[in-house]
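S.K.: Next comes the structure file structure.pdb, holding PDB, C-alpha atoms.
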MODEL        1
ATOM      1  CA  MET A   1     151.437 164.559  94.311
ATOM      2  CA  THR A   2     152.823 161.809  92.088
ATOM      3  CA  ALA A   3     155.839 162.282  89.794
ATOM      4  CA  THR A   4     157.288 159.968  87.153
ATOM      5  CA  THR A   5     160.645 159.809  85.412
ATOM      6  CA  THR A   6     161.640 159.257  81.860
ATOM      7  CA  ASP A   7     164.181 156.578  81.092
ATOM      8  CA  THR A   8     167.780 157.285  82.154
ATOM      9  CA  GLU A   9     170.583 155.276  80.527
ATOM     10  CA  ILE A  10     173.833 154.544  82.348
ATOM     11  CA  ARG A  11     176.792 152.324  81.562
ATOM     12  CA  VAL A  12     178.608 150.746  84.481
ATOM     13  CA  ASP A  13     182.350 151.400  84.627
ATOM     14  CA  PRO A  14     184.083 148.003  84.098
ATOM     15  CA  GLY A  15     186.467 149.011  86.880
ATOM     16  CA  TRP A  16     183.617 148.315  89.298
ATOM     17  CA  TRP A  17     183.279 144.618  88.481
ATOM     18  CA  SER A  18     182.876 141.987  91.203
ATOM     19  CA  TRP A  19     182.447 138.174  91.145
ATOM     20  CA  GLU A  20     179.672 137.850  88.579
ATOM     21  CA  GLY A  21     178.890 141.387  87.496
ATOM     22  CA  ALA A  22     178.908 144.978  88.660
ATOM     23  CA  HIS A  23     179.577 145.694  92.333
ATOM     24  CA  GLY A  24     176.267 145.865  94.211
ATOM     25  CA  GLY A  25     177.034 148.951  96.272
ATOM     26  CA  HIS A  26     178.181 150.831  93.174
ATOM     27  CA  VAL A  27     174.997 149.878  91.305
ATOM     28  CA  ALA A  28     172.886 151.091  94.248
ATOM     29  CA  ALA A  29     174.796 154.386  94.203
ATOM     30  CA  LEU A  30     174.096 154.749  90.472
ATOM     31  CA  ALA A  31     170.397 154.177  91.136
ATOM     32  CA  LEU A  32     170.396 156.841  93.842
ATOM     33  CA  THR A  33     172.088 159.344  91.546
ATOM     34  CA  ALA A  34     169.638 158.567  88.743
ATOM     35  CA  VAL A  35     166.521 159.312  90.789
ATOM     36  CA  ARG A  36     167.710 161.952  93.277
ATOM     37  CA  ASP A  37     167.575 165.161  91.254
ATOM     38  CA  ARG A  38     164.508 164.158  89.248
ATOM     39  CA  PHE A  39     162.312 163.762  92.301
ATOM     40  CA  THR A  40     163.667 166.281  94.804
ATOM     41  CA  GLY A  41     165.535 168.850  92.745
ATOM     42  CA  GLY A  42     168.500 168.114  94.973
ATOM     43  CA  THR A  43     166.871 170.000  97.852
ATOM     44  CA  HIS A  44     166.145 167.060 100.168
ATOM     45  CA  PRO A  45     168.907 164.753 101.447
ATOM     46  CA  VAL A  46     168.427 161.022 100.992
ATOM     47  CA  ARG A  47     167.592 159.222 104.229
ATOM     48  CA  THR A  48     167.137 155.600 103.146
ATOM     49  CA  LEU A  49     167.906 153.596 100.004
ATOM     50  CA  THR A  50     166.771 149.988  99.490
ATOM     51  CA  THR A  51     167.912 147.957  96.497
ATOM     52  CA  HIS A  52     166.834 144.443  95.502
ATOM     53  CA  TYR A  53     169.197 142.661  93.104
ATOM     54  CA  LEU A  54     167.211 140.557  90.654
ATOM     55  CA  ALA A  55     170.088 139.511  88.376
ATOM     56  CA  PRO A  56     173.788 140.345  87.919
ATOM     57  CA  VAL A  57     174.339 143.712  86.219
ATOM     58  CA  ASP A  58     176.546 143.368  83.130
ATOM     59  CA  ASP A  59     178.211 145.865  80.786
ATOM     60  CA  SER A  60     175.149 146.528  78.623
ATOM     61  CA  PRO A  61     173.236 149.827  79.007
ATOM     62  CA  LEU A  62     171.432 150.080  82.330
ATOM     63  CA  HIS A  63     168.113 151.912  82.040
ATOM     64  CA  PHE A  64     166.488 153.434  85.124
ATOM     65  CA  SER A  65     162.849 154.401  85.334
ATOM     66  CA  GLY A  66     160.731 155.176  88.347
ATOM     67  CA  ALA A  67     158.004 157.103  90.062
ATOM     68  CA  ALA A  68     157.439 159.098  93.213
ATOM     69  CA  PRO A  69     154.104 158.044  94.711
ATOM     70  CA  ALA A  70     154.379 160.786  97.355
ATOM     71  CA  VAL A  71     156.219 164.094  96.946
ATOM     72  CA  GLY A  72     155.712 166.796  99.564
ATOM     73  CA  ARG A  73     157.425 169.880 100.939
ATOM     74  CA  ARG A  74     159.446 167.857 103.435
ATOM     75  CA  THR A  75     159.642 164.290 102.096
ATOM     76  CA  ALA A  76     159.620 162.338  98.848
ATOM     77  CA  THR A  77     159.224 158.581  98.519
ATOM     78  CA  CYS A  78     160.485 157.141  95.246
ATOM     79  CA  VAL A  79     160.525 153.730  93.595
ATOM     80  CA  PHE A  80     162.785 152.717  90.723
ATOM     81  CA  THR A  81     163.653 149.814  88.450
ATOM     82  CA  GLY A  82     166.808 149.173  86.466
ATOM     83  CA  HIS A  83     166.551 147.207  83.205
ATOM     84  CA  GLN A  84     169.148 145.671  80.912
ATOM     85  CA  LYS A  85     168.126 144.290  77.515
ATOM     86  CA  GLY A  86     164.506 144.733  78.538
ATOM     87  CA  VAL A  87     164.871 142.592  81.671
ATOM     88  CA  PRO A  88     164.640 144.057  85.211
ATOM     89  CA  VAL A  89     167.909 143.561  87.101
ATOM     90  CA  ILE A  90     167.371 145.777  90.160
ATOM     91  CA  HIS A  91     164.371 147.250  91.917
ATOM     92  CA  GLY A  92     164.244 149.557  94.888
ATOM     93  CA  SER A  93     163.036 152.632  96.719
ATOM     94  CA  ALA A  94     164.470 155.786  98.217
ATOM     95  CA  LEU A  95     163.223 158.132 100.934
ATOM     96  CA  PHE A  96     164.280 161.780 100.839
ATOM     97  CA  GLY A  97     163.617 164.165 103.706
ATOM     98  CA  ALA A  98     164.347 167.745 104.637
ATOM     99  CA  ARG A  99     166.242 168.605 107.800
ATOM    100  CA  ARG A 100     164.033 169.464 110.762
ATOM    101  CA  PRO A 101     164.423 170.100 114.506
ATOM    102  CA  GLY A 102     164.891 167.002 116.628
ATOM    103  CA  PRO A 103     166.991 165.283 119.290
ATOM    104  CA  SER A 104     170.519 164.011 118.663
ATOM    105  CA  CYS A 105     171.844 160.567 119.595
ATOM    106  CA  ASP A 106     175.062 158.828 118.583
ATOM    107  CA  GLY A 107     174.662 155.139 119.306
ATOM    108  CA  SER A 108     177.547 154.131 117.009
ATOM    109  CA  PRO A 109     180.654 156.152 117.927
ATOM    110  CA  LEU A 110     183.854 155.789 115.942
ATOM    111  CA  PRO A 111     185.634 152.598 117.127
ATOM    112  CA  ARG A 112     188.959 153.051 118.892
ATOM    113  CA  VAL A 113     191.431 151.760 116.292
ATOM    114  CA  PRO A 114     194.775 152.961 114.908
ATOM    115  CA  GLY A 115     194.561 155.708 112.304
ATOM    116  CA  PRO A 116     195.049 154.959 108.591
ATOM    117  CA  GLN A 117     198.638 156.203 108.682
ATOM    118  CA  ASP A 118     199.414 153.403 111.170
ATOM    119  CA  CYS A 119     197.739 150.604 109.188
ATOM    120  CA  ARG A 120     199.229 148.640 106.304
ATOM    121  CA  PRO A 121     197.498 148.515 102.885
ATOM    122  CA  LEU A 122     195.663 145.348 101.876
ATOM    123  CA  ASP A 123     195.672 144.150  98.281
ATOM    124  CA  LEU A 124     192.585 142.037  97.642
ATOM    125  CA  PRO A 125     192.920 139.385  94.896
ATOM    126  CA  VAL A 126     191.963 140.989  91.592
ATOM    127  CA  GLU A 127     190.285 137.791  90.411
ATOM    128  CA  LEU A 128     187.902 137.930  93.385
ATOM    129  CA  SER A 129     187.194 141.658  93.532
ATOM    130  CA  PRO A 130     188.352 143.674  90.497
ATOM    131  CA  PHE A 131     186.605 146.749  91.915
ATOM    132  CA  ALA A 132     189.092 146.838  94.817
ATOM    133  CA  ARG A 133     191.562 148.569  92.492
ATOM    134  CA  GLN A 134     189.328 151.635  92.795
ATOM    135  CA  LEU A 135     190.043 151.785  96.531
ATOM    136  CA  GLU A 136     192.834 151.930  99.066
ATOM    137  CA  ILE A 137     192.017 149.551 101.918
ATOM    138  CA  ARG A 138     193.934 149.405 105.200
ATOM    139  CA  PRO A 139     192.708 146.899 107.819
ATOM    140  CA  ALA A 140     192.298 148.575 111.202
ATOM    141  CA  THR A 141     192.286 145.365 113.265
ATOM    142  CA  GLY A 142     193.954 141.961 113.117
ATOM    143  CA  ASP A 143     190.911 140.416 111.415
ATOM    144  CA  LEU A 144     191.701 139.778 107.742
ATOM    145  CA  PRO A 145     189.856 138.170 104.830
ATOM    146  CA  LEU A 146     190.423 134.411 104.424
ATOM    147  CA  ALA A 147     192.517 134.253 107.603
ATOM    148  CA  GLY A 148     190.369 131.690 109.428
ATOM    149  CA  GLY A 149     189.624 133.960 112.369
ATOM    150  CA  ASP A 150     187.196 133.452 115.248
ATOM    151  CA  LYS A 151     184.622 136.121 114.410
ATOM    152  CA  ALA A 152     182.814 137.230 111.261
ATOM    153  CA  GLU A 153     183.849 140.881 111.285
ATOM    154  CA  LEU A 154     186.149 143.075 109.211
ATOM    155  CA  MET A 155     187.117 146.703 109.793
ATOM    156  CA  ALA A 156     189.300 148.878 107.581
ATOM    157  CA  TRP A 157     190.141 152.408 106.616
ATOM    158  CA  VAL A 158     189.035 152.975 103.034
ATOM    159  CA  ARG A 159     189.359 155.809 100.546
ATOM    160  CA  PHE A 160     188.685 156.157  96.831
ATOM    161  CA  GLN A 161     191.754 156.154  94.616
ATOM    162  CA  ASP A 162     190.283 158.915  92.440
ATOM    163  CA  GLY A 163     189.917 161.248  95.431
ATOM    164  CA  ARG A 164     186.175 161.754  94.984
ATOM    165  CA  VAL A 165     184.251 163.571  97.670
ATOM    166  CA  LEU A 166     182.264 161.573 100.201
ATOM    167  CA  ASP A 167     178.689 162.356  99.261
ATOM    168  CA  ALA A 168     175.642 160.146  99.811
ATOM    169  CA  PRO A 169     176.196 157.914  96.721
ATOM    170  CA  ALA A 170     179.829 157.410  97.761
ATOM    171  CA  ALA A 171     178.705 156.369 101.248
ATOM    172  CA  VAL A 172     176.250 153.878  99.719
ATOM    173  CA  THR A 173     179.110 152.333  97.745
ATOM    174  CA  LEU A 174     181.327 152.170 100.844
ATOM    175  CA  THR A 175     178.799 150.153 102.854
ATOM    176  CA  ASP A 176     179.493 147.257 100.470
ATOM    177  CA  VAL A 177     183.214 147.542  99.633
ATOM    178  CA  LEU A 178     184.663 145.172 102.224
ATOM    179  CA  PRO A 179     184.488 141.409 101.614
ATOM    180  CA  PRO A 180     181.537 139.544 103.141
ATOM    181  CA  ALA A 181     182.171 139.345 106.877
ATOM    182  CA  LEU A 182     182.118 135.530 106.740
ATOM    183  CA  TYR A 183     185.421 135.806 104.867
ATOM    184  CA  ALA A 184     187.060 136.697 108.184
ATOM    185  CA  ARG A 185     186.325 133.120 109.340
ATOM    186  CA  TRP A 186     186.970 131.303 106.082
ATOM    187  CA  ARG A 187     190.205 130.324 104.362
ATOM    188  CA  THR A 188     188.680 129.496 100.982
ATOM    189  CA  PRO A 189     186.524 132.043  99.126
ATOM    190  CA  CYS A 190     183.096 131.348  97.695
ATOM    191  CA  PRO A 191     180.491 133.654  96.180
ATOM    192  CA  VAL A 192     178.285 135.478  98.700
ATOM    193  CA  PRO A 193     176.242 137.827  96.471
ATOM    194  CA  THR A 194     173.915 140.479  97.848
ATOM    195  CA  ALA A 195     170.188 139.891  97.336
ATOM    196  CA  GLU A 196     169.012 143.057  99.117
ATOM    197  CA  LEU A 197     170.795 146.105 100.516
ATOM    198  CA  THR A 198     169.250 148.836 102.676
ATOM    199  CA  VAL A 199     171.344 151.885 103.543
ATOM    200  CA  HIS A 200     170.412 154.564 106.078
ATOM    201  CA  LEU A 201     172.229 157.869 105.554
ATOM    202  CA  THR A 202     172.767 160.160 108.550
ATOM    203  CA  ASP A 203     172.411 163.913 108.977
ATOM    204  CA  ALA A 204     176.187 164.217 108.480
ATOM    205  CA  PHE A 205     175.373 164.990 104.832
ATOM    206  CA  ASP A 206     173.011 167.804 105.786
ATOM    207  CA  ASP A 207     176.133 169.888 106.399
ATOM    208  CA  GLY A 208     177.681 169.062 103.009
ATOM    209  CA  VAL A 209     180.063 166.447 101.654
ATOM    210  CA  HIS A 210     183.151 164.992 103.345
ATOM    211  CA  GLU A 211     186.606 164.047 102.088
ATOM    212  CA  GLY A 212     189.424 161.576 102.594
ATOM    213  CA  TRP A 213     189.495 158.398 104.627
ATOM    214  CA  THR A 214     186.509 156.529 106.005
ATOM    215  CA  LEU A 215     186.398 153.737 108.542
ATOM    216  CA  VAL A 216     184.209 150.868 107.339
ATOM    217  CA  ARG A 217     183.046 147.948 109.482
ATOM    218  CA  ILE A 218     181.098 144.901 108.315
ATOM    219  CA  ARG A 219     179.964 141.969 110.432
ATOM    220  CA  THR A 220     177.696 138.976 110.019
ATOM    221  CA  GLU A 221     174.818 139.094 112.471
ATOM    222  CA  GLN A 222     173.451 135.671 111.485
ATOM    223  CA  ALA A 223     174.049 133.003 108.872
ATOM    224  CA  GLY A 224     172.372 129.693 108.110
ATOM    225  CA  GLY A 225     170.357 127.862 105.492
ATOM    226  CA  GLY A 226     172.452 129.306 102.688
ATOM    227  CA  TRP A 227     171.738 132.922 103.719
ATOM    228  CA  ALA A 228     173.576 135.547 105.755
ATOM    229  CA  VAL A 229     172.702 138.930 107.257
ATOM    230  CA  ASP A 230     175.527 141.479 107.236
ATOM    231  CA  ASP A 231     175.521 144.852 108.997
ATOM    232  CA  SER A 232     177.938 147.606 108.038
ATOM    233  CA  ALA A 233     178.783 151.127 109.193
ATOM    234  CA  VAL A 234     180.768 153.973 107.642
ATOM    235  CA  TRP A 235     182.420 156.806 109.587
ATOM    236  CA  SER A 236     184.336 159.835 108.350
ATOM    237  CA  ALA A 237     187.899 160.288 109.566
ATOM    238  CA  ASP A 238     186.750 162.986 111.991
ATOM    239  CA  GLY A 239     184.336 160.560 113.674
ATOM    240  CA  ARG A 240     181.019 161.408 112.001
ATOM    241  CA  LEU A 241     178.763 158.426 111.362
ATOM    242  CA  LEU A 242     177.862 158.616 107.664
ATOM    243  CA  ALA A 243     175.819 155.505 106.992
ATOM    244  CA  LEU A 244     174.451 152.284 108.436
ATOM    245  CA  ALA A 245     173.465 149.354 106.239
ATOM    246  CA  ARG A 246     172.035 145.870 106.404
ATOM    247  CA  GLN A 247     172.069 143.354 103.583
ATOM    248  CA  ALA A 248     170.727 139.891 102.895
ATOM    249  CA  ARG A 249     173.299 137.669 101.178
ATOM    250  CA  VAL A 250     173.119 134.318  99.461
ATOM    251  CA  VAL A 251     175.885 131.928 100.520
ATOM    252  CA  ARG A 252     176.445 129.900  97.359
ATOM    253  CA  ALA A 253     178.608 127.173  98.860
ATOM    254  CA  GLN A 254     179.954 126.138 102.217
ATOM    255  CA  THR A 255     183.209 124.536 103.250
ATOM    256  CA  ALA A 256     184.366 123.031 106.499
ATOM    257  CA  ALA A 257     186.425 126.152 107.073
ATOM    258  CA  GLY A 258     183.374 128.258 106.337
ATOM    259  CA  SER A 259     181.134 126.825 109.029
ATOM    260  CA  VAL A 260     179.333 129.599 110.850
ATOM    261  CA  ASN A 261     177.840 127.548 113.666
ATOM    262  CA  SER A 262     178.190 129.404 116.922
TER     263      SER A 262
ENDMDL
END
Any chance you could put this one into structure tokens?

M.R.:
Amino acid sequence: MTATTTDTEIRVDPGWWSWEGAHGGHVAALALTAVRDRFTGGTHPVRTLTTHYLAPVDDSPLHFSGAAPAVGRRTATCVFTGHQKGVPVIHGSALFGARRPGPSCDGSPLPRVPGPQDCRPLDLPVELSPFARQLEIRPATGDLPLAGGDKAELMAWVRFQDGRVLDAPAAVTLTDVLPPALYARWRTPCPVPTAELTVHLTDAFDDGVHEGWTLVRIRTEQAGGGWAVDDSAVWSADGRLLALARQARVVRAQTAAGSVNS
């Protein structure tokens, strides 16, 4: 069975601005929210969300439209496009699937780090990441943005300032809230926008939403030729893995301090 949507209009909260436009993870979460209930009736949890960023999202109305080429009793595969001023700015797909019997495996346990109460808050520069004011961020290791460290990895406890519950769209946003992992090696910032983001949501949401702190880790798996591949993971405070993500990033400029040669 094939289903289609009518146009859905959304305006992005200016509080979620980043370097050149709306924060990519937040835009992906908006896309997920826009298509979820229309295609599944809210009965199937989202399993995977992929978003391609075609242009920066600005403050004009963002219109979502889409279709579900395959909708069944257990799964639904959906595609969507977001337009602003008649121009496509994002395109993506989502896979929804019902819970079913199967084996369990936890290949990404919660890292052994101090709890949020033992970590100091980090204030990211507003001019670089205005959206950071929507979050409380507490680094969980000694690796900090723009500190010229040895490895491209950042890990921090994060929670939303507005106290929202940790549902699937919130987890999508969280996979992209830390600075690009290359920032852990650099001392001077440069734009590293996301070109594509794929998020895999776990069965932790089959049991309902979560609350409070999350531990977020992001690391660069490879960089070169003006591109970088970042992997991220999000855990709840009680150790449940909520989401895994991988994104392709464009590295706009390089500096001597930003060399990523191994």

S.K.: Report the residues retrieved by the PyMOL selection byres ((chain A and resi 252) around 12) from the displayed file, expressed as a list in words.

M.R.: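 Given this file, the PyMOL selection byres ((chain A and resi 252) around 12) evaluates to Trp19, Pro189, Cys190, Pro191, Val192, Pro193, Thr194, Ala195, Gly224, Gly225, Gly226, Trp227, Ala228, Arg249, Val250, Val251, Ala253, Gln254, Thr255 and Gly258 of chain A.
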
S.K.: Step by step, work through what the PyMOL selection byres ((chain A and resi 206) around 9) selects in the shown file, and finish by giving those residues as a PyMOL selection string.

M.R.: chain A and resi 44-45+98-99+202-205+207-209

S.K.: Convert the output of the PyMOL selection byres ((chain A and resi 234) around 12) on the shown file into explicit residues, formatted as an NGL selection string.

M.R.: :A and (108-111 or 155-159 or 166 or 168 or 170-178 or 199-202 or 204 or 213-218 or 231-233 or 235-246)

S.K.: Keeping only C-alpha atoms, write the selected residues to a file as an mmCIF file, in the frame of the given file.

M.R.:
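New file part_17.cif:
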data_model
loop_
_atom_site.group_PDB
_atom_site.id
_atom_site.type_symbol
_atom_site.label_atom_id
_atom_site.label_comp_id
_atom_site.auth_asym_id
_atom_site.auth_seq_id
_atom_site.Cartn_x
_atom_site.Cartn_y
_atom_site.Cartn_z
ATOM 1 C CA SER A 108 177.547 154.131 117.009
ATOM 2 C CA PRO A 109 180.654 156.152 117.927
ATOM 3 C CA LEU A 110 183.854 155.789 115.942
ATOM 4 C CA PRO A 111 185.634 152.598 117.127
ATOM 5 C CA MET A 155 187.117 146.703 109.793
ATOM 6 C CA ALA A 156 189.300 148.878 107.581
ATOM 7 C CA TRP A 157 190.141 152.408 106.616
ATOM 8 C CA VAL A 158 189.035 152.975 103.034
ATOM 9 C CA ARG A 159 189.359 155.809 100.546
ATOM 10 C CA LEU A 166 182.264 161.573 100.201
ATOM 11 C CA ALA A 168 175.642 160.146 99.811
ATOM 12 C CA ALA A 170 179.829 157.410 97.761
ATOM 13 C CA ALA A 171 178.705 156.369 101.248
ATOM 14 C CA VAL A 172 176.250 153.878 99.719
ATOM 15 C CA THR A 173 179.110 152.333 97.745
ATOM 16 C CA LEU A 174 181.327 152.170 100.844
ATOM 17 C CA THR A 175 178.799 150.153 102.854
ATOM 18 C CA ASP A 176 179.493 147.257 100.470
ATOM 19 C CA VAL A 177 183.214 147.542 99.633
ATOM 20 C CA LEU A 178 184.663 145.172 102.224
ATOM 21 C CA VAL A 199 171.344 151.885 103.543
ATOM 22 C CA HIS A 200 170.412 154.564 106.078
ATOM 23 C CA LEU A 201 172.229 157.869 105.554
ATOM 24 C CA THR A 202 172.767 160.160 108.550
ATOM 25 C CA ALA A 204 176.187 164.217 108.480
ATOM 26 C CA TRP A 213 189.495 158.398 104.627
ATOM 27 C CA THR A 214 186.509 156.529 106.005
ATOM 28 C CA LEU A 215 186.398 153.737 108.542
ATOM 29 C CA VAL A 216 184.209 150.868 107.339
ATOM 30 C CA ARG A 217 183.046 147.948 109.482
ATOM 31 C CA ILE A 218 181.098 144.901 108.315
ATOM 32 C CA ASP A 231 175.521 144.852 108.997
ATOM 33 C CA SER A 232 177.938 147.606 108.038
ATOM 34 C CA ALA A 233 178.783 151.127 109.193
ATOM 35 C CA TRP A 235 182.420 156.806 109.587
ATOM 36 C CA SER A 236 184.336 159.835 108.350
ATOM 37 C CA ALA A 237 187.899 160.288 109.566
ATOM 38 C CA ASP A 238 186.750 162.986 111.991
ATOM 39 C CA GLY A 239 184.336 160.560 113.674
ATOM 40 C CA ARG A 240 181.019 161.408 112.001
ATOM 41 C CA LEU A 241 178.763 158.426 111.362
ATOM 42 C CA LEU A 242 177.862 158.616 107.664
ATOM 43 C CA ALA A 243 175.819 155.505 106.992
ATOM 44 C CA LEU A 244 174.451 152.284 108.436
ATOM 45 C CA ALA A 245 173.465 149.354 106.239
ATOM 46 C CA ARG A 246 172.035 145.870 106.404
#

S.K.: Quick check, in Å to one decimal: how far apart do atom CA of A:Gln84 and atom CA of A:Val71 lie?

M.R.: 27.6 Å

S.K.: Starting from 5 Å padding per side, set up an axis-aligned box that covers all listed atoms of stretch 26-41 of chain A and hand over centre and edge lengths in Å, one decimal, as JSON.

M.R.:
{"center_x": 170.2, "center_y": 159.4, "center_z": 91.8, "size_x": 25.9, "size_y": 29.0, "size_z": 16.1}

S.K.: What is the atom CA of A:Leu32 to atom CA of A:Val46 distance in Å?

M.R.: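 Between atom CA of A:Leu32 and atom CA of A:Val46 the gap is 8.5 Å.
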
S.K.: At a cut-off of 7 Å, using all atoms listed in the file, what residues contact A:Phe80? Leave out same-chain residues fewer than 3 positions from it and give the result as a list of chain:residue names.

M.R.: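 The neighbour list is A:Phe64, A:Ser65, A:Gly66, A:Ala67, A:His91, A:Gly92, A:Ser93.
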
S.K.: Could you pull the residues within 9 Å of A:Cys119, counting only C-alpha atoms, minus those fewer than 2 positions along the same chain, as a PyMOL selection string?

M.R.: chain A and resi 114-117+121+138-141+156-157

S.K.: Given all atoms listed in the file as the basis, pick out the residue of A:Pro179, A:Pro169, A:Gly142, A:Gly163 nearest to A:Val27.

M.R.: A:Pro169

S.K.: What does the distance from atom CA of A:Gly21 to atom CA of A:Val57 come to in Å, to one decimal?

M.R.: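 Between atom CA of A:Gly21 and atom CA of A:Val57 the gap works out to 5.3 Å.
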
S.K.: Any idea what's packed within 10 Å of A:Ala184, counting all atoms listed in the file, ignoring anything in its chain fewer than 4 positions away? Could you give it as a PyMOL selection string?

M.R.: chain A and resi 142-154+179-180+219-220+258

S.K.: Choose the residue, out of A:Ser104, A:Gln161, A:Ser18, A:Gln247, that has the smallest atom-to-atom separation from A:Thr198; count all atoms listed in the file.

M.R.: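 Using all atoms listed in the file, the shortest distance to A:Thr198 belongs to A:Gln247.
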
S.K.: May I ask which of the residues A:Pro14, A:Pro101, A:Gly107, A:Gly25 is the closest one to A:Ser60, counting all atoms listed in the file?

M.R.: A:Pro14

S.K.: I need the residue nearest A:Pro61 from this list: A:Val89, A:Ala248, A:Leu128, A:Leu182. Use all atoms listed in the file for the distance.

M.R.: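 Using all atoms listed in the file, the shortest distance to A:Pro61 belongs to A:Val89.
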
S.K.: Considering all atoms listed in the file, can you say which of A:Asp58, A:Asp167, A:Asp37, A:Asp123 comes closest to A:Gly82?

M.R.: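 Result for the nearest residue to A:Gly82: A:Asp58.
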